[in-house]
Amino acid sequence: MSERSVLPGVRGAALHTRAAGRRRPWNRHLLGYALVAPLVLLMVGVIGYPLLNTVLLSLRDQGVVGSSSSFVGLDNYQRVLGDGEFWAAIGRSGVWLAGNLVVQTIIAFVTALLIGGNGRWARGARTWTLFPWVIPTVAVAVIWQWLTNSNYGIVPKVADAVGVHGLGSPFGDTALAMPALILMNSWHWFPLGAVVIYGAMRTIPGEIYEAARVDGASAWRMFWRITFPLLQPVLFALGLVGSLWSFNIVDSIYLVTKGGPVDATTTAPVFIYNKAFNEFRASDAAAVSVVTIVLLAALAFVYIRVARPKEDQ
Amino acid sequence: MTAALRWHRVPRLLGMVALAVLVLGPLYWVTMSSFKDREEILRSTPTLFPQHPTLENFRQLFTATDYPTYLTNSFIIAILSAFFTMLVSFAAAYGLYRLRIPGANKVAGLILVAYMIPGTLLLVPLYQVFATFELVDTRNALVIVNVAFTAPFCTWLLRGFFFAIPRDIDEAAAVDGAGPVRMMLRIVLPLLAPGMSTVAVYTFVFSWTEFVFASQLLVSDDLKTLPIGLSAIMGQYTVNWGLLMAGTVCTIVPAIVPFLFAGRYFVGGLTAGAVR
């Protein structure tokens, strides 16, 4: 990944062959187009066309996915926009998004600082910190349900030992299910943020810190005055991509609570999943998808306008 | 080393211990549980290490459940997905970042948008598309989905690796009479090994984990993948935690092992890609 891969002696030879490189431009482009074509076809077929199809489907009255249907115009939208359950799901998505963003950013930042050292411990930690992210979501779901099982789980037992008695499984509790899922999902995803922040921190030249240390700045002050501002572009990108990915998570929620208890964890994507495959109302699900995509796009637009680092403009 | 310096290290050390407990603790606990017998796993005073380590849970998992089938399906789908994503993303990245075809910037922009588009919101229409082509309930459908959702990101990931290979190499090779295809396969591809292994591991892990599409696109029992199978075992054998723990351990290991081999490049590649 570095300059080490430069072959020695190549630079000299290159000077004589600039002209030769331009010899067959058409041929080169033909090869280029052929190489890019499979990716473009895949994106059009599996992402572009279905996206368009969602809009068409939302204007029909399909029940079971793939069954026959007829055109009904904006009826589905009228029903969806007037549906309190849909707006409740959007609200829970907001809680889910904010919770994940806050918890993961904090843990990721602390972790990035911890694994940034030069010691043997820090170097090892750079590998195993990523384990929770690498393991399948279904394993994460099983692990945390086992740990918090009200009868046999280690978490209630430890809580009992330190004086908190009668702790049940949080996933079965209407009030605790959402925060518990946010924590579980953060356990699964924080390593990604930690590694990205760690990578960005390494690009900050050490001289800046040296200069600040000479001026007598404390570690706390250096973090807020140097590290944090210089990481703005990365945090901006991470915030955008991370939010979109968090918002769309279905598996973490579905595998543990299926959106329950009593819809307490039914976020918008879970709502769509249930509409399409449990209630068999494909067109309603499509309409909800379209509304959700529009809301997400608007949110992303506002975020980019407000949070974009100034030096990028 | 002075006492003052040591004091300075205490918060960092405590933080590291906390991180280790948070990350490795649950994994340790699940692994230990999988080696405990039925009585010990449910004991009211938990044991930190199994008193009578047993492989009974694993034996039962592989003989009395469909777990081996799920395992095989997951391997087939993950390996095929990784192979095709390597193919597609290498080709695309070569065309975009090396040959720089006209309009490369537009395609690169589209790629960024594509990987932000929520897969789950496309589940319903995609199901329809696959139904039209009679691909529902086939492994191919899942491979296509996995490749389509990983290839844009992986193409973007390869960008950083491509930029690290000097363009002068192309010109030197051209003078030696290497054609464009030969140049791509014999000269650039070998230099891209770290990037390609990052792509392979990323796609393998993505496919290994994928639940939402697998849950709808695969219907037959003999086609189901691990995430589906394990969640079925979770519902079916609610009481048999030992079996479930063994299943979880066997699901985790194939994801962690390739990562241990290619992890170094993986971390480097992800940060290189993300920092840009």
# chains A, B, ... in the order shown; residues from 1 in each chain; ligands from 1
call {"tool": "residues_around", "arguments": {"residues": "segment 102-106 of chain B", "least_positions_apart": "2", "cutoff": "12 Å", "atoms": "only C-alpha atoms", "output": "JSON, numbers by chain"}}
result
{"A": [25, 26, 28, 29, 30, 32, 33, 35, 36, 37, 40], "B": [92, 93, 94, 95, 96, 97, 98, 99, 100, 108, 109, 110, 111, 112, 113, 156]}
call {"tool": "select_by_dssp", "arguments": {"residues": "segment 150-214 of chain A", "states": "alpha helix (DSSP H)", "output": "ChimeraX atom specification"}}
result
/A:154-161,177-202,206-214
call {"tool": "write_last_selection", "arguments": {"atoms": "C-alpha atoms", "output": "PDB file, in the first residue's frame"}}
result
ATOM      1  CA  ILE A 154     -24.324 -13.791  33.604  1.00  0.00           C
ATOM      2  CA  VAL A 155     -25.425 -10.135  33.536  1.00  0.00           C
ATOM      3  CA  PRO A 156     -28.400 -10.537  35.921  1.00  0.00           C
ATOM      4  CA  LYS A 157     -26.213 -12.705  38.166  1.00  0.00           C
ATOM      5  CA  VAL A 158     -23.451 -10.114  38.358  1.00  0.00           C
ATOM      6  CA  ALA A 159     -26.085  -7.426  38.921  1.00  0.00           C
ATOM      7  CA  ASP A 160     -27.549  -9.560  41.702  1.00  0.00           C
ATOM      8  CA  ALA A 161     -24.107  -9.903  43.309  1.00  0.00           C
ATOM      9  CA  ALA A 177     -35.940  -3.175  24.786  1.00  0.00           C
ATOM     10  CA  MET A 178     -34.990  -0.168  22.665  1.00  0.00           C
ATOM     11  CA  PRO A 179     -32.030   1.037  24.785  1.00  0.00           C
ATOM     12  CA  ALA A 180     -30.843  -2.569  25.165  1.00  0.00           C
ATOM     13  CA  LEU A 181     -30.951  -3.096  21.396  1.00  0.00           C
ATOM     14  CA  ILE A 182     -29.113   0.189  20.839  1.00  0.00           C
ATOM     15  CA  LEU A 183     -26.354  -0.963  23.203  1.00  0.00           C
ATOM     16  CA  MET A 184     -26.185  -4.388  21.567  1.00  0.00           C
ATOM     17  CA  ASN A 185     -26.059  -2.898  18.085  1.00  0.00           C
ATOM     18  CA  SER A 186     -23.407  -0.412  19.205  1.00  0.00           C
ATOM     19  CA  TRP A 187     -21.301  -3.326  20.466  1.00  0.00           C
ATOM     20  CA  HIS A 188     -21.596  -4.805  16.982  1.00  0.00           C
ATOM     21  CA  TRP A 189     -20.748  -1.626  15.046  1.00  0.00           C
ATOM     22  CA  PHE A 190     -18.466   0.611  17.160  1.00  0.00           C
ATOM     23  CA  PRO A 191     -15.245  -1.130  15.956  1.00  0.00           C
ATOM     24  CA  LEU A 192     -15.765   0.215  12.453  1.00  0.00           C
ATOM     25  CA  GLY A 193     -15.950   3.801  13.704  1.00  0.00           C
ATOM     26  CA  ALA A 194     -13.005   3.211  16.029  1.00  0.00           C
ATOM     27  CA  VAL A 195     -10.769   1.985  13.205  1.00  0.00           C
ATOM     28  CA  VAL A 196     -11.769   4.819  10.890  1.00  0.00           C
ATOM     29  CA  ILE A 197     -11.105   7.444  13.587  1.00  0.00           C
ATOM     30  CA  TYR A 198      -7.831   5.721  14.505  1.00  0.00           C
ATOM     31  CA  GLY A 199      -6.755   5.829  10.857  1.00  0.00           C
ATOM     32  CA  ALA A 200      -7.602   9.506  10.622  1.00  0.00           C
ATOM     33  CA  MET A 201      -5.739  10.311  13.847  1.00  0.00           C
ATOM     34  CA  ARG A 202      -2.591   8.773  12.408  1.00  0.00           C
ATOM     35  CA  GLY A 206       3.175  14.590  15.442  1.00  0.00           C
ATOM     36  CA  GLU A 207       4.919  17.976  15.203  1.00  0.00           C
ATOM     37  CA  ILE A 208       1.656  19.761  15.903  1.00  0.00           C
ATOM     38  CA  TYR A 209       1.390  17.981  19.248  1.00  0.00           C
ATOM     39  CA  GLU A 210       5.061  18.630  19.975  1.00  0.00           C
ATOM     40  CA  ALA A 211       4.567  22.334  19.401  1.00  0.00           C
ATOM     41  CA  ALA A 212       1.479  22.377  21.614  1.00  0.00           C
ATOM     42  CA  ARG A 213       3.312  20.478  24.343  1.00  0.00           C
ATOM     43  CA  VAL A 214       6.134  23.022  24.241  1.00  0.00           C
TER      44      VAL A 214
END
call {"tool": "residues_around", "arguments": {"residues": "segment 125-135 of chain A", "least_positions_apart": "3", "cutoff": "9 Å", "atoms": "only C-alpha atoms", "output": "ChimeraX atom specification"}}
result
/A:111-112,114-116,120-122,138-140,187-192,194-195 /B:16,19-20,23-24,27,202,205-206,208-209,251-256,259-260,263-264,267
call {"tool": "write_last_selection", "arguments": {"atoms": "N, CA and C atoms", "output": "CSV table (one decimal), in the first residue's frame"}}
result
chain,number,residue,atom,x,y,z
A,111,THR,N,-12.0,4.2,22.1
A,111,THR,CA,-11.3,3.1,21.6
A,111,THR,C,-10.1,3.5,20.7
A,112,ALA,N,-10.4,4.4,19.8
A,112,ALA,CA,-9.4,4.9,18.9
A,112,ALA,C,-8.2,5.5,19.6
A,114,LEU,N,-7.3,4.6,22.6
A,114,LEU,CA,-6.6,3.5,23.3
A,114,LEU,C,-5.8,2.6,22.4
A,115,ILE,N,-6.3,2.3,21.2
A,115,ILE,CA,-5.5,1.5,20.3
A,115,ILE,C,-4.5,2.2,19.5
A,116,GLY,N,-4.4,3.5,19.7
A,116,GLY,CA,-3.5,4.4,18.9
A,116,GLY,C,-2.1,4.3,19.5
A,120,ARG,N,2.7,-3.1,22.9
A,120,ARG,CA,2.3,-4.4,22.4
A,120,ARG,C,0.8,-4.6,22.6
A,121,TRP,N,0.3,-4.1,23.7
A,121,TRP,CA,-1.1,-4.2,24.0
A,121,TRP,C,-2.0,-3.5,22.9
A,122,ALA,N,-1.6,-2.2,22.6
A,122,ALA,CA,-2.3,-1.4,21.7
A,122,ALA,C,-2.3,-2.1,20.3
A,138,VAL,N,-26.4,-12.5,13.7
A,138,VAL,CA,-27.1,-13.6,14.4
A,138,VAL,C,-26.4,-14.1,15.7
A,139,ALA,N,-25.0,-14.1,15.5
A,139,ALA,CA,-24.2,-14.5,16.7
A,139,ALA,C,-24.3,-13.5,17.8
A,140,VAL,N,-24.2,-12.2,17.4
A,140,VAL,CA,-24.4,-11.1,18.3
A,140,VAL,C,-25.7,-11.2,19.1
A,187,TRP,N,-22.4,-2.4,20.2
A,187,TRP,CA,-21.3,-3.3,20.5
A,187,TRP,C,-20.9,-3.9,19.1
A,188,HIS,N,-21.9,-4.2,18.3
A,188,HIS,CA,-21.6,-4.8,17.0
A,188,HIS,C,-20.9,-3.8,16.0
A,189,TRP,N,-21.2,-2.6,16.1
A,189,TRP,CA,-20.7,-1.6,15.0
A,189,TRP,C,-19.7,-0.7,15.5
A,190,PHE,N,-19.4,-0.4,16.8
A,190,PHE,CA,-18.5,0.6,17.2
A,190,PHE,C,-17.1,0.4,16.6
A,191,PRO,N,-16.6,-0.9,16.4
A,191,PRO,CA,-15.2,-1.1,16.0
A,191,PRO,C,-15.0,-0.4,14.6
A,192,LEU,N,-16.0,-0.4,13.7
A,192,LEU,CA,-15.8,0.2,12.5
A,192,LEU,C,-15.4,1.7,12.6
A,194,ALA,N,-14.3,3.1,15.3
A,194,ALA,CA,-13.0,3.2,16.0
A,194,ALA,C,-11.8,3.1,15.1
A,195,VAL,N,-11.9,2.2,14.1
A,195,VAL,CA,-10.8,2.0,13.2
A,195,VAL,C,-10.7,3.2,12.2
B,16,MET,N,-7.9,0.2,28.7
B,16,MET,CA,-7.6,-1.0,27.9
B,16,MET,C,-8.2,-2.3,28.5
B,19,LEU,N,-11.9,-2.2,27.8
B,19,LEU,CA,-12.2,-2.5,26.4
B,19,LEU,C,-12.1,-4.0,26.2
B,20,ALA,N,-11.0,-4.6,26.8
B,20,ALA,CA,-10.9,-6.1,26.6
B,20,ALA,C,-12.1,-6.8,27.2
B,23,VAL,N,-15.1,-6.3,24.9
B,23,VAL,CA,-15.1,-6.9,23.6
B,23,VAL,C,-14.9,-8.4,23.7
B,24,LEU,N,-13.9,-8.8,24.5
B,24,LEU,CA,-13.5,-10.2,24.5
B,24,LEU,C,-14.3,-11.0,25.6
B,27,LEU,N,-17.3,-12.9,24.2
B,27,LEU,CA,-16.9,-14.0,23.3
B,27,LEU,C,-16.3,-15.1,24.2
B,202,TYR,N,-13.8,-8.8,3.1
B,202,TYR,CA,-15.0,-7.9,3.4
B,202,TYR,C,-16.2,-8.6,2.8
B,205,VAL,N,-17.2,-11.9,4.8
B,205,VAL,CA,-17.8,-11.6,6.0
B,205,VAL,C,-19.2,-11.0,5.8
B,206,PHE,N,-19.4,-10.1,4.8
B,206,PHE,CA,-20.7,-9.6,4.5
B,206,PHE,C,-21.7,-10.7,4.2
B,208,TRP,N,-21.4,-13.9,4.9
B,208,TRP,CA,-21.5,-14.8,6.0
B,208,TRP,C,-22.6,-14.3,7.0
B,209,THR,N,-22.7,-12.9,7.1
B,209,THR,CA,-23.5,-12.3,8.1
B,209,THR,C,-24.9,-12.0,7.5
B,251,THR,N,-20.3,-20.5,14.2
B,251,THR,CA,-20.6,-19.5,13.2
B,251,THR,C,-19.6,-18.3,13.3
B,252,ILE,N,-19.1,-18.1,14.5
B,252,ILE,CA,-18.1,-17.0,14.6
B,252,ILE,C,-16.8,-17.3,14.0
B,253,VAL,N,-16.3,-18.5,14.3
B,253,VAL,CA,-14.9,-18.9,13.9
B,253,VAL,C,-14.6,-18.7,12.4
B,254,PRO,N,-15.5,-19.2,11.5
B,254,PRO,CA,-15.2,-19.0,10.1
B,254,PRO,C,-15.1,-17.5,9.7
B,255,ALA,N,-15.8,-16.6,10.5
B,255,ALA,CA,-15.7,-15.2,10.1
B,255,ALA,C,-14.4,-14.6,10.7
B,256,ILE,N,-13.9,-15.1,11.8
B,256,ILE,CA,-12.8,-14.5,12.5
B,256,ILE,C,-11.5,-15.0,11.8
B,259,PHE,N,-10.2,-13.2,8.8
B,259,PHE,CA,-9.9,-11.9,9.2
B,259,PHE,C,-8.6,-11.8,9.9
B,260,LEU,N,-8.2,-12.8,10.6
B,260,LEU,CA,-6.9,-12.8,11.3
B,260,LEU,C,-5.8,-12.8,10.3
B,263,GLY,N,-6.4,-9.4,8.2
B,263,GLY,CA,-6.8,-8.3,9.0
B,263,GLY,C,-6.0,-7.1,8.9
B,264,ARG,N,-4.7,-7.3,8.8
B,264,ARG,CA,-3.8,-6.2,8.8
B,264,ARG,C,-4.1,-5.3,7.6
B,267,VAL,N,-7.7,-3.6,7.9
B,267,VAL,CA,-7.7,-2.3,8.7
B,267,VAL,C,-7.1,-1.2,7.9
call {"tool": "closest_residue", "arguments": {"among": "A:Val65, A:Leu31, A:Leu59, A:Leu230", "to": "Phe280 of chain A", "atoms": "only C-alpha atoms"}}
result
A:Val65
call {"tool": "closest_residue", "arguments": {"among": "A:Val291, A:Val55, A:Ala141, A:Leu240", "to": "Tyr254 of chain A", "atoms": "only C-alpha atoms"}}
result
A:Ala141
call {"tool": "closest_atom_pairs", "arguments": {"of": "segment 225-304 of chain A", "to": "segment 212-236 of chain B", "cutoff": "8 Å", "atoms": "only C-alpha atoms", "output": "CSV"}}
result
residue,atom,partner,partner_atom,distance
A:Val250,CA,B:Val212,CA,7.1
A:Asp251,CA,B:Val212,CA,6.2
A:Leu255,CA,B:Ser231,CA,7.0
call {"tool": "write_last_selection", "arguments": {"atoms": "N, CA and C atoms", "output": "mmCIF file, in the first residue's frame"}}
result
data_model
loop_
_atom_site.group_PDB
_atom_site.id
_atom_site.type_symbol
_atom_site.label_atom_id
_atom_site.label_comp_id
_atom_site.auth_asym_id
_atom_site.auth_seq_id
_atom_site.Cartn_x
_atom_site.Cartn_y
_atom_site.Cartn_z
ATOM 1 N N VAL A 250 -32.015 -3.829 9.988
ATOM 2 C CA VAL A 250 -33.182 -4.649 10.295
ATOM 3 C C VAL A 250 -32.751 -5.865 11.116
ATOM 4 N N ASP A 251 -31.634 -6.481 10.691
ATOM 5 C CA ASP A 251 -31.254 -7.773 11.277
ATOM 6 C C ASP A 251 -31.055 -7.736 12.803
ATOM 7 N N LEU A 255 -33.793 -10.057 14.666
ATOM 8 C CA LEU A 255 -33.313 -11.318 15.230
ATOM 9 C C LEU A 255 -33.564 -11.432 16.725
#
call {"tool": "closest_atom_pairs", "arguments": {"of": "chain B", "to": "chain A", "cutoff": "6 Å", "atoms": "only C-alpha atoms", "output": "Markdown table"}}
result
| residue | atom | partner | partner_atom | distance |
| --- | --- | --- | --- | --- |
| B:Leu42 | CA | A:Tyr152 | CA | 5.7 |
| B:Val88 | CA | A:Leu39 | CA | 6.0 |
| B:Ala91 | CA | A:Leu35 | CA | 4.8 |
| B:Ala92 | CA | A:Val36 | CA | 4.1 |
| B:Gly95 | CA | A:Gly32 | CA | 4.3 |
| B:Ile101 | CA | A:His29 | CA | 5.7 |
| B:Pro118 | CA | A:Asn248 | CA | 5.9 |
| B:Leu121 | CA | A:Ser289 | CA | 5.7 |
| B:Pro125 | CA | A:Pro50 | CA | 5.1 |
| B:Leu126 | CA | A:Pro50 | CA | 5.6 |
| B:Gln128 | CA | A:Gly66 | CA | 5.1 |
| B:Ala148 | CA | A:Leu42 | CA | 5.6 |
| B:Phe161 | CA | A:Met1 | CA | 5.8 |
| B:Ala164 | CA | A:Met1 | CA | 5.7 |
| B:Asp168 | CA | A:Ala14 | CA | 5.6 |
| B:Glu171 | CA | A:Ala14 | CA | 5.4 |
| B:Ala172 | CA | A:Ala14 | CA | 5.3 |
| B:Thr209 | CA | A:Pro136 | CA | 4.3 |
| B:Pro227 | CA | A:Val138 | CA | 5.4 |
| B:Thr248 | CA | A:Ala139 | CA | 5.5 |
| B:Ile252 | CA | A:Ile135 | CA | 5.3 |
| B:Ala255 | CA | A:Ile135 | CA | 5.9 |
| B:Thr271 | CA | A:Gly199 | CA | 5.1 |
| B:Val275 | CA | A:Ala200 | CA | 5.9 |
call {"tool": "residues_around", "arguments": {"residues": "Ser197 of chain B", "least_positions_apart": "2", "cutoff": "9 Å", "atoms": "only C-alpha atoms", "output": "list in words"}}
result
Met86, Leu192, Ala193, Pro194, Gly195, Val199, Ala200, Val201, Tyr202, Ala262, Tyr265 and Phe266 of chain B
call {"tool": "write_last_selection", "arguments": {"atoms": "N, CA and C atoms", "output": "PDB file, in the first residue's frame"}}
result
ATOM      1  N   MET B  86     -14.555  -9.853  -6.198  1.00  0.00           N
ATOM      2  CA  MET B  86     -13.167  -9.559  -6.551  1.00  0.00           C
ATOM      3  C   MET B  86     -13.062  -9.277  -8.048  1.00  0.00           C
ATOM      4  N   LEU B 192      -1.594  -5.708  -6.458  1.00  0.00           N
ATOM      5  CA  LEU B 192      -2.821  -5.341  -5.784  1.00  0.00           C
ATOM      6  C   LEU B 192      -3.270  -6.410  -4.782  1.00  0.00           C
ATOM      7  N   ALA B 193      -2.395  -7.386  -4.521  1.00  0.00           N
ATOM      8  CA  ALA B 193      -2.777  -8.499  -3.647  1.00  0.00           C
ATOM      9  C   ALA B 193      -3.364  -8.049  -2.305  1.00  0.00           C
ATOM     10  N   PRO B 194      -2.750  -7.068  -1.625  1.00  0.00           N
ATOM     11  CA  PRO B 194      -3.348  -6.651  -0.346  1.00  0.00           C
ATOM     12  C   PRO B 194      -4.766  -6.107  -0.524  1.00  0.00           C
ATOM     13  N   GLY B 195      -4.952  -5.309  -1.567  1.00  0.00           N
ATOM     14  CA  GLY B 195      -6.277  -4.753  -1.835  1.00  0.00           C
ATOM     15  C   GLY B 195      -7.280  -5.844  -2.136  1.00  0.00           C
ATOM     16  N   VAL B 199     -10.764  -6.994  -0.167  1.00  0.00           N
ATOM     17  CA  VAL B 199     -12.061  -7.150  -0.828  1.00  0.00           C
ATOM     18  C   VAL B 199     -12.645  -8.540  -0.531  1.00  0.00           C
ATOM     19  N   ALA B 200     -11.800  -9.562  -0.654  1.00  0.00           N
ATOM     20  CA  ALA B 200     -12.270 -10.929  -0.437  1.00  0.00           C
ATOM     21  C   ALA B 200     -12.795 -11.104   0.989  1.00  0.00           C
ATOM     22  N   VAL B 201     -12.030 -10.630   1.969  1.00  0.00           N
ATOM     23  CA  VAL B 201     -12.447 -10.799   3.360  1.00  0.00           C
ATOM     24  C   VAL B 201     -13.723 -10.002   3.639  1.00  0.00           C
ATOM     25  N   TYR B 202     -13.765  -8.768   3.128  1.00  0.00           N
ATOM     26  CA  TYR B 202     -14.951  -7.945   3.363  1.00  0.00           C
ATOM     27  C   TYR B 202     -16.201  -8.636   2.820  1.00  0.00           C
ATOM     28  N   ALA B 262      -5.951 -11.759   6.958  1.00  0.00           N
ATOM     29  CA  ALA B 262      -5.912 -10.573   6.111  1.00  0.00           C
ATOM     30  C   ALA B 262      -6.224  -9.301   6.888  1.00  0.00           C
ATOM     31  N   TYR B 265      -4.219  -5.920   6.410  1.00  0.00           N
ATOM     32  CA  TYR B 265      -4.538  -5.166   5.205  1.00  0.00           C
ATOM     33  C   TYR B 265      -5.939  -4.590   5.291  1.00  0.00           C
ATOM     34  N   PHE B 266      -6.788  -5.371   5.934  1.00  0.00           N
ATOM     35  CA  PHE B 266      -8.185  -5.015   6.066  1.00  0.00           C
ATOM     36  C   PHE B 266      -8.317  -3.676   6.775  1.00  0.00           C
TER      37      PHE B 266
END
call {"tool": "closest_residue", "arguments": {"among": "B:Ala173, B:Thr198, B:Leu87, B:Glu39", "to": "Arg186 of chain B", "atoms": "only C-alpha atoms"}}
result
B:Ala173
